[in-house]
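Here's coords_34.cif, which has mmCIF, C-alpha atoms:
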```cif
data_upload
loop_
_atom_site.label_atom_id
_atom_site.label_comp_id
_atom_site.auth_asym_id
_atom_site.auth_seq_id
_atom_site.Cartn_x
_atom_site.Cartn_y
_atom_site.Cartn_z
CA MET A 1 52.26 -68.80 53.34
CA THR A 2 49.88 -67.86 50.55
CA THR A 3 49.87 -69.81 47.37
CA THR A 4 47.91 -69.65 44.19
CA ARG A 5 45.51 -72.28 43.02
CA ALA A 6 43.23 -72.57 40.02
CA LEU A 7 39.75 -71.20 40.66
CA GLY A 8 38.21 -74.36 39.28
CA SER A 9 39.39 -76.56 42.10
CA THR A 10 37.00 -75.87 44.92
CA THR A 11 37.22 -77.52 48.29
CA GLY A 12 34.33 -78.45 50.55
CA VAL A 13 35.00 -75.46 52.77
CA GLU A 14 34.70 -73.19 49.74
CA ILE A 15 31.41 -74.70 48.65
CA THR A 16 30.05 -74.22 52.18
CA PHE A 17 31.35 -70.65 52.17
CA ILE A 18 29.71 -69.91 48.83
CA LEU A 19 26.37 -71.24 50.07
CA ILE A 20 26.51 -69.25 53.31
CA GLY A 21 27.72 -66.22 51.34
CA LEU A 22 24.76 -66.43 48.98
CA LEU A 23 22.43 -66.66 51.97
CA THR A 24 24.12 -63.65 53.57
CA PHE A 25 24.02 -61.59 50.40
CA GLY A 26 20.38 -62.41 49.74
CA ALA A 27 19.44 -61.51 53.30
CA ALA A 28 21.38 -58.23 52.99
CA VAL A 29 19.59 -57.35 49.75
CA LEU A 30 16.25 -58.12 51.38
CA THR A 31 17.25 -55.97 54.37
CA VAL A 32 17.56 -52.88 52.22
CA THR A 33 14.71 -53.56 49.80
CA VAL A 34 11.87 -55.20 51.71
CA ARG A 35 8.89 -52.95 52.34
CA ASN A 36 8.16 -54.16 55.86
CA LEU A 37 10.46 -52.52 58.37
CA VAL A 38 10.27 -55.26 61.00
CA HIS A 39 11.00 -57.86 58.34
CA ALA A 40 14.01 -55.78 57.30
CA ALA A 41 15.35 -55.95 60.87
CA LEU A 42 14.81 -59.72 60.95
CA TRP A 43 16.57 -60.17 57.58
CA LEU A 44 19.44 -58.16 59.01
CA VAL A 45 19.64 -60.73 61.79
CA VAL A 46 19.89 -63.47 59.15
CA ALA A 47 22.63 -61.59 57.30
CA LEU A 48 24.65 -61.01 60.48
CA GLY A 49 24.24 -64.63 61.52
CA GLY A 50 25.42 -65.74 58.10
CA LEU A 51 28.46 -63.52 58.53
CA ALA A 52 29.17 -65.27 61.83
CA GLY A 53 29.16 -68.54 59.87
CA CYS A 54 31.61 -66.99 57.38
CA TYR A 55 33.90 -66.03 60.26
CA LEU A 56 33.79 -69.61 61.52
CA LEU A 57 34.78 -70.90 58.08
CA LEU A 58 37.61 -68.35 58.00
CA ALA A 59 38.95 -69.82 61.26
CA ALA A 60 38.03 -66.89 63.49
CA GLU A 61 35.91 -68.59 66.08
CA PHE A 62 36.18 -66.01 68.84
CA VAL A 63 35.13 -63.23 66.47
CA ALA A 64 32.26 -65.40 65.26
CA TRP A 65 30.85 -65.85 68.74
CA VAL A 66 31.37 -62.18 69.55
CA GLN A 67 29.40 -61.43 66.38
CA VAL A 68 26.60 -63.73 67.48
CA LEU A 69 26.53 -62.25 70.98
CA ILE A 70 26.71 -58.57 70.08
CA TYR A 71 25.09 -58.29 66.67
CA VAL A 72 22.52 -61.06 66.62
CA GLY A 73 21.86 -60.65 70.33
CA ALA A 74 22.18 -57.01 71.25
CA VAL A 75 22.16 -54.81 68.15
CA ALA A 76 19.16 -56.55 66.59
CA VAL A 77 17.16 -56.14 69.79
CA LEU A 78 18.28 -52.51 69.95
CA LEU A 79 17.10 -51.90 66.38
CA LEU A 80 13.76 -53.57 67.09
CA PHE A 81 13.37 -51.37 70.18
CA GLY A 82 14.16 -48.36 68.02
CA LEU A 83 11.44 -49.39 65.58
CA MET A 84 9.03 -49.82 68.46
CA LEU A 85 9.84 -46.50 70.12
CA THR A 86 9.60 -44.46 66.93
CA ARG A 87 6.24 -46.12 66.21
CA ALA A 88 7.46 -47.36 62.89
CA PRO A 89 4.78 -48.78 60.63
CA ILE A 90 4.48 -52.47 61.42
CA GLY A 91 2.91 -53.64 58.17
CA ARG A 92 3.89 -53.01 54.58
CA THR A 93 4.44 -49.34 53.90
CA THR A 94 4.90 -47.38 50.74
CA GLU A 95 7.01 -44.58 52.12
CA LEU A 96 10.02 -46.56 53.31
CA ASP A 97 12.11 -45.70 50.26
CA SER A 98 13.02 -42.14 49.42
CA GLY A 99 12.68 -40.58 46.01
CA ASN A 100 16.33 -41.03 45.08
CA ARG A 101 16.01 -44.80 44.92
CA TRP A 102 17.20 -45.09 41.34
CA ALA A 103 20.20 -42.86 41.92
CA ALA A 104 21.00 -45.01 44.94
CA ALA A 105 20.74 -48.16 42.81
CA VAL A 106 23.13 -46.66 40.24
CA VAL A 107 25.62 -45.70 42.97
CA GLY A 108 25.34 -49.12 44.60
CA LEU A 109 25.88 -50.96 41.31
CA ALA A 110 28.84 -48.73 40.47
CA THR A 111 30.36 -49.41 43.90
CA ALA A 112 29.88 -53.14 43.44
CA GLY A 113 31.35 -53.06 39.95
CA VAL A 114 34.43 -51.07 40.88
CA LEU A 115 35.15 -52.99 44.09
CA VAL A 116 34.58 -56.46 42.67
CA SER A 117 36.61 -55.82 39.52
CA VAL A 118 39.51 -54.19 41.38
CA ILE A 119 39.62 -56.81 44.15
CA GLY A 120 39.21 -59.65 41.69
CA ASP A 121 42.11 -58.30 39.67
CA ALA A 122 44.19 -57.82 42.82
CA VAL A 123 43.88 -61.23 44.44
CA ARG A 124 43.15 -63.39 41.37
CA THR A 125 43.86 -66.97 42.43
CA THR A 126 45.43 -66.36 45.84
CA TRP A 127 44.72 -69.37 47.99
CA PHE A 128 45.15 -70.03 51.69
CA ASP A 129 44.32 -72.83 54.04
CA PRO A 130 42.10 -71.64 56.89
CA ARG A 131 42.98 -74.73 58.92
CA GLN A 132 46.49 -73.38 59.46
CA ALA A 133 45.06 -70.15 60.89
CA VAL A 134 42.80 -71.89 63.40
CA VAL A 135 45.30 -71.40 66.22
CA ASN A 136 45.16 -67.62 65.67
CA GLY A 137 41.41 -67.46 66.04
CA THR A 138 40.85 -69.13 69.39
CA ALA A 139 39.77 -67.13 72.40
CA LYS A 140 43.15 -67.77 73.98
CA ALA A 141 45.12 -66.43 71.03
CA VAL A 142 42.90 -63.38 70.52
CA GLY A 143 42.91 -62.61 74.24
CA THR A 144 46.68 -62.94 74.42
CA SER A 145 47.27 -60.57 71.53
CA LEU A 146 44.57 -58.22 72.82
CA PHE A 147 46.16 -57.82 76.24
CA ARG A 148 49.75 -58.08 75.11
CA TYR A 149 49.85 -55.74 72.12
CA TRP A 150 46.56 -53.83 72.04
CA VAL A 151 45.93 -52.89 75.67
CA LEU A 152 45.83 -49.13 75.16
CA PRO A 153 43.27 -49.21 72.31
CA PHE A 154 41.22 -51.63 74.39
CA GLU A 155 41.11 -49.27 77.36
CA LEU A 156 40.38 -46.30 75.11
CA LEU A 157 37.54 -48.27 73.60
CA SER A 158 36.04 -48.95 77.00
CA VAL A 159 36.11 -45.21 77.70
CA LEU A 160 34.48 -44.60 74.32
CA LEU A 161 31.76 -47.12 75.12
CA LEU A 162 31.14 -45.44 78.47
CA ALA A 163 30.91 -42.03 76.79
CA ALA A 164 28.49 -43.41 74.19
CA LEU A 165 26.28 -44.92 76.88
CA VAL A 166 26.24 -41.70 78.91
CA GLY A 167 25.51 -39.74 75.75
CA ALA A 168 22.65 -42.02 74.78
CA ILE A 169 21.14 -41.74 78.27
CA VAL A 170 21.47 -37.95 78.27
CA LEU A 171 19.97 -37.71 74.79
CA SER A 172 16.96 -39.85 75.56
CA ARG A 173 16.10 -38.42 78.98
CA ARG A 174 12.71 -36.80 79.03
CA ASP A 175 13.03 -34.57 82.10
CA VAL A 176 15.90 -32.59 80.59
CA SER A 177 13.62 -31.19 77.92
CA ASP A 178 10.94 -30.57 80.55
CA ASP A 179 13.33 -28.39 82.54
CA VAL A 180 13.99 -26.07 79.64
CA ASP A 181 10.29 -25.75 78.83
CA ALA A 182 10.15 -22.70 81.10
CA GLY A 183 12.84 -21.15 78.94
CA THR A 184 11.08 -21.93 75.70
CA GLY A 185 7.88 -20.35 76.96
CA ILE A 186 9.24 -16.97 75.96
CA SER A 187 10.16 -18.12 72.50
CA GLN A 188 6.75 -19.74 72.19
CA ALA A 189 5.15 -16.38 72.92
CA GLN A 190 7.41 -14.88 70.28
CA ALA A 191 6.35 -17.62 67.94
CA THR A 192 2.67 -16.93 68.39
CA GLN A 193 3.43 -13.27 67.83
CA ALA A 194 5.24 -14.12 64.64
CA GLN A 195 2.33 -16.26 63.52
CA ALA A 196 -0.01 -13.38 64.21
CA THR A 197 2.08 -11.01 62.11
CA GLU A 198 2.21 -13.64 59.38
CA ALA A 199 -1.55 -13.92 59.43
CA GLU A 200 -1.83 -10.16 59.14
CA ALA A 201 0.49 -10.16 56.15
CA MET B 1 40.18 -71.20 50.46
CA HIS B 2 40.47 -68.75 47.60
CA ALA B 3 40.73 -65.23 48.94
CA ILE B 4 38.46 -63.96 46.21
CA TYR B 5 35.29 -65.48 47.68
CA PRO B 6 35.20 -63.67 51.04
CA LEU B 7 36.57 -60.46 49.53
CA THR B 8 33.89 -60.47 46.82
CA LEU B 9 31.22 -61.12 49.43
CA ALA B 10 32.53 -58.18 51.47
CA ALA B 11 32.50 -55.89 48.41
CA LEU B 12 28.94 -56.92 47.54
CA LEU B 13 27.77 -56.39 51.11
CA PHE B 14 29.39 -52.95 51.08
CA ALA B 15 27.57 -52.07 47.85
CA VAL B 16 24.26 -53.28 49.28
CA GLY B 17 24.90 -51.15 52.36
CA VAL B 18 25.62 -48.10 50.19
CA TYR B 19 22.37 -48.65 48.32
CA GLY B 20 20.40 -48.98 51.55
CA LEU B 21 22.06 -45.92 53.05
CA LEU B 22 21.03 -43.79 50.09
CA ALA B 23 17.65 -45.31 49.32
CA ARG B 24 16.01 -45.71 52.70
CA ARG B 25 13.90 -43.00 54.19
CA ASN B 26 13.34 -44.25 57.72
CA ALA B 27 16.26 -43.42 60.01
CA VAL B 28 16.29 -46.84 61.68
CA ALA B 29 16.52 -48.50 58.25
CA VAL B 30 19.48 -46.24 57.47
CA LEU B 31 21.13 -47.46 60.69
CA MET B 32 20.62 -51.04 59.47
CA ALA B 33 22.38 -50.18 56.22
CA ILE B 34 25.28 -48.71 58.22
CA GLU B 35 25.52 -52.00 60.11
CA LEU B 36 25.88 -53.77 56.76
CA LEU B 37 28.69 -51.41 55.75
CA LEU B 38 30.59 -52.00 58.98
CA ASN B 39 30.13 -55.75 58.71
CA ALA B 40 31.58 -55.75 55.20
CA VAL B 41 34.71 -54.13 56.63
CA ASN B 42 34.75 -56.72 59.41
CA LEU B 43 34.68 -59.54 56.87
CA ASN B 44 37.64 -57.97 55.08
CA LEU B 45 39.60 -57.74 58.33
CA VAL B 46 38.91 -61.36 59.25
CA THR B 47 39.79 -62.55 55.75
CA PHE B 48 43.13 -60.79 55.70
CA SER B 49 43.86 -61.91 59.25
CA SER B 50 43.36 -65.50 58.16
CA LEU B 51 45.18 -64.97 54.87
CA LEU B 52 48.29 -63.28 56.27
CA ARG B 53 48.37 -65.02 59.69
CA ASP B 54 49.81 -61.98 61.46
CA GLN B 55 51.55 -62.74 64.71
CA TYR B 56 50.02 -59.77 66.52
CA GLY B 57 46.45 -60.88 65.91
CA MET B 58 45.73 -57.48 64.44
CA GLY B 59 42.86 -58.36 62.13
CA GLN B 60 40.74 -60.21 64.62
CA VAL B 61 41.41 -57.82 67.50
CA PHE B 62 40.45 -54.92 65.26
CA THR B 63 37.30 -56.78 64.26
CA VAL B 64 36.32 -57.03 67.91
CA PHE B 65 37.09 -53.32 68.32
CA LEU B 66 34.97 -52.49 65.30
CA ILE B 67 32.06 -54.55 66.59
CA THR B 68 32.24 -52.58 69.84
CA VAL B 69 32.37 -49.26 68.01
CA ALA B 70 29.42 -50.31 65.87
CA ALA B 71 27.42 -51.19 68.96
CA ALA B 72 28.18 -47.78 70.49
CA GLU B 73 27.29 -46.10 67.21
CA THR B 74 23.97 -47.93 67.04
CA GLY B 75 23.09 -46.95 70.58
CA LEU B 76 23.89 -43.28 70.04
CA GLY B 77 22.24 -43.27 66.63
CA LEU B 78 19.05 -44.71 68.02
CA ALA B 79 19.04 -42.11 70.80
CA ILE B 80 19.38 -39.36 68.18
CA VAL B 81 16.63 -40.90 66.05
CA LEU B 82 14.41 -41.10 69.12
CA LEU B 83 15.03 -37.41 69.84
CA LEU B 84 14.26 -36.58 66.21
CA TYR B 85 11.03 -38.54 66.43
CA ARG B 86 10.06 -36.87 69.69
CA ASN B 87 10.64 -33.40 68.28
CA ARG B 88 9.29 -33.88 64.78
CA GLY B 89 6.75 -36.65 65.08
CA THR B 90 8.42 -38.65 62.33
CA ALA B 91 11.58 -40.68 61.88
CA ALA B 92 11.87 -39.95 58.15
CA ILE B 93 15.22 -38.32 57.46
CA ASP B 94 13.88 -36.61 54.35
CA ASP B 95 11.85 -34.33 56.59
CA ALA B 96 14.85 -33.10 58.58
CA ARG B 97 15.97 -30.46 56.14
CA GLU B 98 16.43 -27.29 58.18
CA LEU B 99 20.10 -27.03 57.25
CA GLY B 100 19.51 -27.55 53.53
CA GLU B 101 19.73 -24.63 51.18
CA ASP B 102 16.73 -23.43 49.27
CA GLY B 103 16.33 -25.07 45.94
CA ALA B 104 19.68 -26.87 45.98
CA PHE B 105 19.45 -29.80 43.56
CA GLY B 106 15.77 -29.07 43.16
CA LEU B 107 14.98 -30.00 46.76
CA LYS B 108 12.18 -28.32 48.64
CA ARG B 109 13.28 -26.84 51.93
CA VAL B 110 10.48 -28.28 54.02
CA PRO B 111 8.28 -30.97 52.49
CA GLN B 112 4.54 -30.49 52.40
CA GLN B 113 2.83 -31.68 55.53
CA PRO B 114 -0.72 -32.99 55.17
CA ASP B 115 -2.04 -30.38 57.61
CA GLY B 116 -0.30 -27.49 55.90
CA GLU B 117 2.07 -26.86 58.80
CA GLY B 118 5.14 -27.36 56.66
CA SER B 119 4.25 -24.79 54.02
CA GLU B 120 3.76 -22.22 56.73
CA ALA B 121 7.23 -22.87 58.11
CA GLY B 122 8.59 -22.92 54.58
CA THR B 123 7.43 -19.39 53.81
CA ALA B 124 9.04 -18.05 56.98
CA THR B 125 12.58 -18.74 55.85
CA GLY B 126 15.04 -17.53 58.40
CA ASN B 127 12.30 -16.80 60.87
CA THR B 128 13.40 -19.17 63.59
CA ALA B 129 10.48 -18.37 65.84
CA ALA B 130 7.93 -19.91 63.47
CA THR B 131 10.06 -23.02 63.16
CA THR B 132 10.26 -23.24 66.94
CA ALA B 133 6.50 -23.03 67.07
CA ALA B 134 6.19 -25.87 64.60
CA THR B 135 8.61 -28.03 66.55
CA THR B 136 7.01 -27.30 69.92
CA ALA B 137 3.63 -28.14 68.44
CA ALA B 138 5.10 -31.40 67.23
CA THR B 139 6.57 -32.03 70.70
CA THR B 140 3.32 -31.61 72.51
CA ALA B 141 1.29 -33.63 70.02
CA PRO B 142 3.43 -36.04 68.01
CA ALA B 143 1.57 -36.92 64.87
CA PRO B 144 3.51 -39.67 63.09
CA LYS B 145 2.59 -40.05 59.46
CA ALA B 146 2.39 -43.80 59.48
CA VAL B 147 0.84 -44.69 56.17
CA THR B 148 0.22 -48.40 56.26
CA LYS B 149 -1.82 -50.44 53.93
#
```
Any chance you could put this one into structure tokens?
Amino acid sequence: MTTTRALGSTTGVEITFILIGLLTFGAAVLTVTVRNLVHAALWLVVALGGLAGCYLLLAAEFVAWVQVLIYVGAVAVLLLFGLMLTRAPIGRTTELDSGNRWAAAVVGLATAGVLVSVIGDAVRTTWFDPRQAVVNGTAKAVGTSLFRYWVLPFELLSVLLLAALVGAIVLSRRDVSDDVDAGTGISQAQATQAQATEAEA
Amino acid sequence: MHAIYPLTLAALLFAVGVYGLLARRNAVAVLMAIELLLNAVNLNLVTFSSLLRDQYGMGQVFTVFLITVAAAETGLGLAIVLLLYRNRGTAAIDDARELGEDGAFGLKRVPQQPDGEGSEAGTATGNTAATTAATTAATTAPAPKAVTK
């Protein structure tokens, strides 16, 4: 099943994986550091597409195409719509990063250090051949295991997705907040009263 | 393939996501960092699915589940961010600090607005009516502080 192999002997698949991994990592770093918000969203697309390539190299082709469809297709468009609707600054902006940037960098580096050292010590030179796992990654195999062993989570997930969609629609409806404006009129009067008393004081 | 390459990539992506989650100020950028975190977990699942070759297809099925959950999370998160923007006129999460305590970790309760609206709401601590006035004013006339250069 899994064997060990010296780290020095790299195969062609590994070299390809390292190159795509470097691309993905660089795009991820640019996603969280670049000062242009739209560019950050586009670098996120590059990172997610690179991850789809990693999935292909790890012999998970169905997951790779699902990643391309949902992340590169839908989620990226959703994020760009979010940027558009919140009137995010299109050009370079100075106030994209909060004040705790250096603390965040320390936490991020500590996370990377701990995880990489622990995982590196755990797996060491464990080696596997992705070509033997290709049969597990086809659409047929994933669909079979999905509907043979994981039917109940699948159905629950569809209900969750429906609830999330209904919630998003309810949250972003405009006329709901218009209906309660009559109710907030009283509190607005109270507010002006409070402002008046504040001005007196 | 050595298992250490994809696992290291996943750990590094997770760390980058943690950095972005803590360092970004715009709520949509924070959502992007959360996507990176979830994708790091996905890469781990796919790697172990390929490494262990489980007969139930657990790793890859769970990856598909996680992608679906992430899509739902992004949709809901963007709706919440949109509501925040509509009520406050800004999508900066640093400005949403009504639930923070006064002076905890040296944080101001409400940051200074350029028009002095924030300081007024800051003095009326506990007076919810003044805060409501500020938010309704922001609802009727959203004034996003978009400082571009």
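Between CA of Ala41 (chain A) and CA of Ile4 (chain B) the interatomic distance comes to 28.5 Å.
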Checklist entry - Closest to chain B among A:Leu146, A:Leu19, A:Leu69, A:Ala52, using all atoms listed in the file? => result A:Leu146
At a cut-off of 12 Å, can you tabulate as a Markdown table every residue of region 58-146 of chain A near region 54-76 of chain B together with its closest atom pair and the distance in Å to one decimal, using only C-alpha atoms and ordering rows by chain then number?
```
| residue | atom | partner | partner_atom | distance |
| --- | --- | --- | --- | --- |
| A:Leu58 | CA | B:Gln60 | CA | 10.9 |
| A:Ala59 | CA | B:Gln60 | CA | 10.3 |
| A:Ala60 | CA | B:Gln60 | CA | 7.3 |
| A:Glu61 | CA | B:Gln60 | CA | 9.8 |
| A:Phe62 | CA | B:Gln60 | CA | 8.5 |
| A:Val63 | CA | B:Val64 | CA | 6.5 |
| A:Ala64 | CA | B:Val64 | CA | 9.7 |
| A:Trp65 | CA | B:Val64 | CA | 10.4 |
| A:Val66 | CA | B:Val64 | CA | 7.3 |
| A:Gln67 | CA | B:Ile67 | CA | 7.4 |
| A:Val68 | CA | B:Ile67 | CA | 10.7 |
| A:Leu69 | CA | B:Ile67 | CA | 10.4 |
| A:Ile70 | CA | B:Ala71 | CA | 7.5 |
| A:Tyr71 | CA | B:Ala71 | CA | 7.8 |
| A:Val72 | CA | B:Ala71 | CA | 11.3 |
| A:Gly73 | CA | B:Ala71 | CA | 11.1 |
| A:Ala74 | CA | B:Ala71 | CA | 8.2 |
| A:Val75 | CA | B:Ala71 | CA | 6.4 |
| A:Ala76 | CA | B:Thr74 | CA | 9.9 |
| A:Val77 | CA | B:Gly75 | CA | 11.0 |
| A:Leu78 | CA | B:Gly75 | CA | 7.4 |
| A:Leu79 | CA | B:Thr74 | CA | 8.0 |
| A:Leu80 | CA | B:Thr74 | CA | 11.7 |
| A:Phe81 | CA | B:Gly75 | CA | 10.7 |
| A:Gly82 | CA | B:Gly75 | CA | 9.4 |
| A:Ala133 | CA | B:Asp54 | CA | 9.5 |
| A:Val134 | CA | B:Gly57 | CA | 11.9 |
| A:Val135 | CA | B:Gly57 | CA | 10.6 |
| A:Asn136 | CA | B:Gly57 | CA | 6.9 |
| A:Gly137 | CA | B:Gln60 | CA | 7.4 |
| A:Thr138 | CA | B:Gln60 | CA | 10.1 |
| A:Ala139 | CA | B:Gln60 | CA | 10.5 |
| A:Lys140 | CA | B:Gly57 | CA | 11.1 |
| A:Ala141 | CA | B:Gly57 | CA | 7.7 |
| A:Val142 | CA | B:Gly57 | CA | 6.3 |
| A:Gly143 | CA | B:Val61 | CA | 8.4 |
| A:Thr144 | CA | B:Gly57 | CA | 8.8 |
| A:Ser145 | CA | B:Gly57 | CA | 5.7 |
| A:Leu146 | CA | B:Val61 | CA | 6.2 |
```
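Taking CA of Gly53 (chain A) as the reference point, CA of Phe17 (chain A) is found at 8.3 Å.
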So what does the PyMOL selection byres ((chain B and resi 22) around 9) actually pick up in this one, as a compact mmCIF listing (two decimals) with C-alpha atoms, in the frame of the given file?
```txt
# COMPACT_ATOMS: atom_id res chain seq x y z
CA SER A 98 13.02 -42.14 49.42
CA ASN A 100 16.33 -41.03 45.08
CA ARG A 101 16.01 -44.80 44.92
CA ALA A 103 20.20 -42.86 41.92
CA ALA A 104 21.00 -45.01 44.94
CA ALA A 105 20.74 -48.16 42.81
CA VAL A 107 25.62 -45.70 42.97
CA GLY A 108 25.34 -49.12 44.60
CA GLY B 17 24.90 -51.15 52.36
CA VAL B 18 25.62 -48.10 50.19
CA TYR B 19 22.37 -48.65 48.32
CA GLY B 20 20.40 -48.98 51.55
CA LEU B 21 22.06 -45.92 53.05
CA ALA B 23 17.65 -45.31 49.32
CA ARG B 24 16.01 -45.71 52.70
CA ARG B 25 13.90 -43.00 54.19
CA VAL B 30 19.48 -46.24 57.47
CA ALA B 33 22.38 -50.18 56.22
```
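Between Ala88 (chain A) and the candidates A:Leu37, A:Val118, A:Ile169, A:Leu42, the tightest atom-to-atom separation, counting all atoms listed in the file, involves A:Leu37.
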Next on the checklist: Need to verify the contact set: Leu7 (chain A), 12 Å, all atoms listed in the file, exclusion of same-chain residues closer than 2 positions in sequence. Can you return it as a VMD selection string?
Outcome noted: (chain A and resid 4 to 5 9 to 11 14 120 123 to 127) or (chain B and resid 1 to 5)
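In this structure, CA of Leu44 (chain A) sits 23.8 Å away from CA of Leu83 (chain B).
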Item to check | Among the residues A:Leu161, A:Ile90, A:Cys54, A:Leu109, the one that comes closest to Val46 (chain B) [using only C-alpha atoms] | outcome: A:Cys54
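Of the residues under consideration (B:Glu35, B:Asn44, B:Arg88, B:Leu12), B:Leu12 shows the shortest atom-to-atom contact distance to chain A when counting only C-alpha atoms.
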Item to check | Selected residue, from A:Ile20, A:Met84, A:Ala27, A:Val116, that lies nearest to chain B when counting all atoms listed in the file | outcome: A:Val116
Item to check | Nearest to Arg131 (chain A) by atom-to-atom distance, counting only C-alpha atoms, from B:Leu99, B:Arg53, B:Val81, B:Val28 | outcome: B:Arg53
